[in-house]
Amino acid sequence: MINSINLTNRDLLKQQEKRESNARSYPRRIPLAIKEAEGMYITDMDGRKYLDCLAGAGTLALGHNHPVVVEAMEKVIKDRLPLHTLDITTPVKENFVDELFASLPEELHDDAKIQFCGPTGGDAIEAALKLVKTATGRQSILTFQGGYHGSTHGTMAISGNLSPKQHVQGLIPDTHFLPYPYTYRCPFGRKGEDGHQLSSAYIEQLLDDPESGILPPAAVICETVQGEGGSIPAPIEWLQEIRRITKERGIPLIIDEVQTGIGRTGRMFSFEHAGIVPDVFVLSKAIGGSLPLSVVIYDQSIETWEPGAHIGTFRGNQMAMAAGAATLKYVKDNKLDKHAEAMGNYMLDSLKDIQSHVPELGDVRGRGLMIGVEVVDPAQPQSSNGSYPANSELASNIQQECFKRGLILEVGGRHGAVVRFLPPLIITENQVDEVITIFRQAVQASLRG
C-alpha cells in the first residue's frame, strides 16, 4: 500500500501501470491521476487544473460533483435507504421512473415499459437484442458500419470497430453491417449530401430482395450520432426513412441512446430531432447522474418476456437512481437540452472558423455537445468522395498539445483521427471560448512540429 500523503501523478501512474490490465486505455492518452473535481474542471495530484471535455465519455451531464447530484446521494445515506435492492422496488426507484417517463415523447409515454439492467450500457444493449429476438422469433440483426454499442461479446459483434474483434472468436452470428451516412467519407464514394439517400434506398432494396442472403431481421439497431465512430450525426431525413422502412416491414428499430441521451444532442433524446419514436431505446451513462445505471425503454406491444428473461445483480443501484432522477429534473427544469444545442452551435461555428484557415482539419461536425474534428493529410491525393486520408498522428499530437495546455479531449473515429469534444451540458460560453483558444493553440503548435 502506498501512503496517500504527498503523492504525485507519477507515483499513482506508476502503480497503476504495475497492477492494472494492459487493456486500460484512457491513461495512455491522458496520463494523470485525479485529486479532485468540480463542474467543468478536474485537478490532478500535482495541482494542475484541466478543463474536462471528456466528462466520463458523456456520463457527467452536469459535470463533476454537481450540488443537486451530491445532495441526492447524501440524502440516500442520511435517510438510511437501501443501496442495493435487486429489482425490488422502492420509493427512490419509483421516483426515478416517474422522472424518466415524464421525459418521454408523448407517443411513447402511455405505452412504455422499462427494464433495469446491469450497470453498463453494454448490458442494456444485450437485453435489447434478447428482447427483440424473443418478440419476433427471428435471429438476424442489422447494424451499421462505424457503430459502437459496447465491448461485451454480443455488443462487440454488432459494433463496427475491427480491432477488438481480431482475437475474439465465435461472436454472435447473423449480424449484418449496413452503410451509415457519413458525408465526409461517403461509403458509396459520392461527394455532397446525397449519400444518405443512397444508404436508405440500399437498405430498403436489401430488405425486399428475396435473394439478399439475409433472413428477415429481428431488429435494426443504430446510433443517431455515432460517438466512438467519430461524432458522425445521421441526417434527419435518413433517420425518418429508416423509421419508415422498418415500421412498414414490422422490424423493431432499436436506438442506442447510451451516449446521446439526456440532452446531449440538443433534445432530451436524440431521436426527437427526427420526430420519430423507436420501438426500443437504450439509456446509460448520464442516466445515472454519474453512477452506474442502464435501462431499456420499449413499447409494450413487444412485451413477450417471461419472468427472469433478463436479470442482473446490480440492476437495483438506488444511489444511481436518486442521482439520475435529480439529474433528469435539473436538465428539464433548466432546459439544458436547449443550452446544449446553443453551446454546441457556438462551438461548431468557432471550430469551423479555425478549419477555414487549416486544411489539415478536414471536417467539423456534430449535433449539440457531441462534436468531432476529423484530422487529415491534405498533401495526399483525395479519394473519390473528395476526402483526404486520415492523419491519426497529427490528431494524437493535437490532443497531447491540448493536454499540455490544460484541456482534456479524446480521439476516436476511423484510424483514431477524430478529435472529439464531449463537455458537460453546463458548459458556459466563456468556457467554450477557453476551450477554443486552447484548441487553436494546440493545432498551431502541432503543425509547427
# chains A, B, ... in the order shown; residues from 1 in each chain; ligands from 1

call {"tool": "closest_atom_pairs", "arguments": {"of": "stretch 222-294 of chain A", "to": "stretch 185-195 of chain A", "cutoff": "12 Å", "atoms": "only C-alpha atoms", "output": "JSON lines"}}
result
{"residue": "A:Gly230", "atom": "CA", "partner": "A:Arg185", "partner_atom": "CA", "distance": 11.4}
{"residue": "A:Ile232", "atom": "CA", "partner": "A:Arg185", "partner_atom": "CA", "distance": 10.5}
{"residue": "A:Ala234", "atom": "CA", "partner": "A:Gly195", "partner_atom": "CA", "distance": 10.7}
{"residue": "A:Pro235", "atom": "CA", "partner": "A:Glu193", "partner_atom": "CA", "distance": 9.0}
{"residue": "A:Ile236", "atom": "CA", "partner": "A:Glu193", "partner_atom": "CA", "distance": 11.9}
{"residue": "A:Glu237", "atom": "CA", "partner": "A:Asp194", "partner_atom": "CA", "distance": 10.5}
{"residue": "A:Trp238", "atom": "CA", "partner": "A:Gly195", "partner_atom": "CA", "distance": 9.6}

call {"tool": "write_last_selection", "arguments": {"atoms": "C-alpha atoms", "output": "tab-separated table (two decimals), in the first residue's frame"}}
result
chain	number	residue	atom	x	y	z
A	230	GLY	CA	-16.19	9.78	-34.88
A	232	ILE	CA	-20.96	11.49	-37.07
A	234	ALA	CA	-27.05	10.94	-39.15
A	235	PRO	CA	-29.07	13.23	-41.43
A	236	ILE	CA	-32.58	13.84	-40.12
A	237	GLU	CA	-34.15	12.68	-43.40
A	238	TRP	CA	-32.22	9.41	-43.21

call {"tool": "select_by_dssp", "arguments": {"residues": "stretch 269-342 of chain A", "states": "strand (DSSP E)", "output": "ChimeraX atom specification"}}
result
/A:280-283,295-299

call {"tool": "write_last_selection", "arguments": {"atoms": "N, CA and C atoms", "output": "compact mmCIF listing (two decimals), in the first residue's frame"}}
result
# COMPACT_ATOMS: atom_id res chain seq x y z
N VAL A 280 -37.62 0.47 -29.43
CA VAL A 280 -36.76 0.21 -28.27
C VAL A 280 -35.67 1.27 -28.25
N PHE A 281 -35.34 1.79 -27.06
CA PHE A 281 -34.11 2.57 -26.97
C PHE A 281 -33.44 2.32 -25.63
N VAL A 282 -32.14 2.54 -25.64
CA VAL A 282 -31.28 2.14 -24.52
C VAL A 282 -30.62 3.37 -23.93
N LEU A 283 -30.64 3.47 -22.60
CA LEU A 283 -30.03 4.59 -21.89
C LEU A 283 -29.03 4.08 -20.87
N VAL A 295 -30.80 1.24 -18.58
CA VAL A 295 -32.18 0.79 -18.73
C VAL A 295 -32.51 0.62 -20.21
N VAL A 296 -33.51 -0.20 -20.46
CA VAL A 296 -34.10 -0.33 -21.79
C VAL A 296 -35.54 0.16 -21.69
N ILE A 297 -35.91 1.05 -22.61
CA ILE A 297 -37.29 1.52 -22.72
C ILE A 297 -37.86 0.95 -24.01
N TYR A 298 -39.07 0.41 -23.95
CA TYR A 298 -39.63 -0.18 -25.17
C TYR A 298 -41.15 -0.11 -25.14
N ASP A 299 -41.72 -0.24 -26.33
CA ASP A 299 -43.17 -0.23 -26.47
C ASP A 299 -43.74 -1.56 -25.96

call {"tool": "closest_residue", "arguments": {"among": "A:Ile371, A:Ile254, A:Leu207, A:Ala55", "to": "A:Val132", "atoms": "only C-alpha atoms"}}
result
A:Ile254

call {"tool": "residues_around", "arguments": {"residues": "A:Leu422", "least_positions_apart": "2", "cutoff": "7 Å", "atoms": "only C-alpha atoms", "output": "list in words"}}
result
Cys53, Leu54, Ala55, Ala57, Gly58, Leu369, Met370, Ile371, Arg420 and Pro424 of chain A

call {"tool": "write_last_selection", "arguments": {"atoms": "C-alpha atoms", "output": "short mmCIF file (atom, residue, chain, number, x, y, z; two decimals), in the first residue's frame"}}
result
data_model
loop_
_atom_site.label_atom_id
_atom_site.label_comp_id
_atom_site.auth_asym_id
_atom_site.auth_seq_id
_atom_site.Cartn_x
_atom_site.Cartn_y
_atom_site.Cartn_z
CA CYS A 53 -14.23 17.94 -22.38
CA LEU A 54 -14.40 14.16 -21.98
CA ALA A 55 -16.76 14.17 -18.97
CA ALA A 57 -17.30 9.77 -22.04
CA GLY A 58 -20.58 11.67 -21.71
CA LEU A 369 -22.44 18.99 -27.47
CA MET A 370 -21.25 15.94 -29.35
CA ILE A 371 -18.69 17.31 -31.79
CA ARG A 420 -13.83 14.62 -30.01
CA PRO A 424 -20.77 18.62 -19.67
#

call {"tool": "residues_around", "arguments": {"residues": "A:Glu71", "least_positions_apart": "4", "cutoff": "12 Å", "atoms": "only C-alpha atoms", "output": "list in words"}}
result
Asn65, His66, Pro67, Lys75, Val76, Ile77, Lys78, Asp79, Gly289, Met319, Ala322, Ala323, Gly324, Ala325, Ala326 and Thr327 of chain A

call {"tool": "closest_residue", "arguments": {"among": "A:Cys117, A:Leu291, A:Leu351, A:Ala157", "to": "A:Thr59", "atoms": "only C-alpha atoms"}}
result
A:Leu291

call {"tool": "residues_around", "arguments": {"residues": "A:Leu108", "least_positions_apart": "5", "cutoff": "12 Å", "atoms": "only C-alpha atoms", "output": "PyMOL selection string"}}
result
chain A and resi 100-103+113-114+272+276-281+297-301

call {"tool": "residues_around", "arguments": {"residues": "A:Leu62", "least_positions_apart": "2", "cutoff": "6 Å", "atoms": "only C-alpha atoms", "output": "list in words"}}
result
Leu60, Pro424, Leu425 and Ile426 of chain A

call {"tool": "write_last_selection", "arguments": {"atoms": "N, CA and C atoms", "output": "tab-separated table (two decimals), in the first residue's frame"}}
result
chain	number	residue	atom	x	y	z
A	60	LEU	N	-21.09	12.50	-17.40
A	60	LEU	CA	-21.27	13.61	-16.46
A	60	LEU	C	-22.05	14.75	-17.12
A	424	PRO	N	-19.50	18.63	-20.41
A	424	PRO	CA	-20.77	18.62	-19.67
A	424	PRO	C	-21.76	19.61	-20.28
A	425	LEU	N	-23.05	19.36	-20.07
A	425	LEU	CA	-24.09	20.22	-20.63
A	425	LEU	C	-24.12	21.60	-19.98
A	426	ILE	N	-23.44	21.75	-18.86
A	426	ILE	CA	-23.45	23.03	-18.13
A	426	ILE	C	-22.38	23.99	-18.65
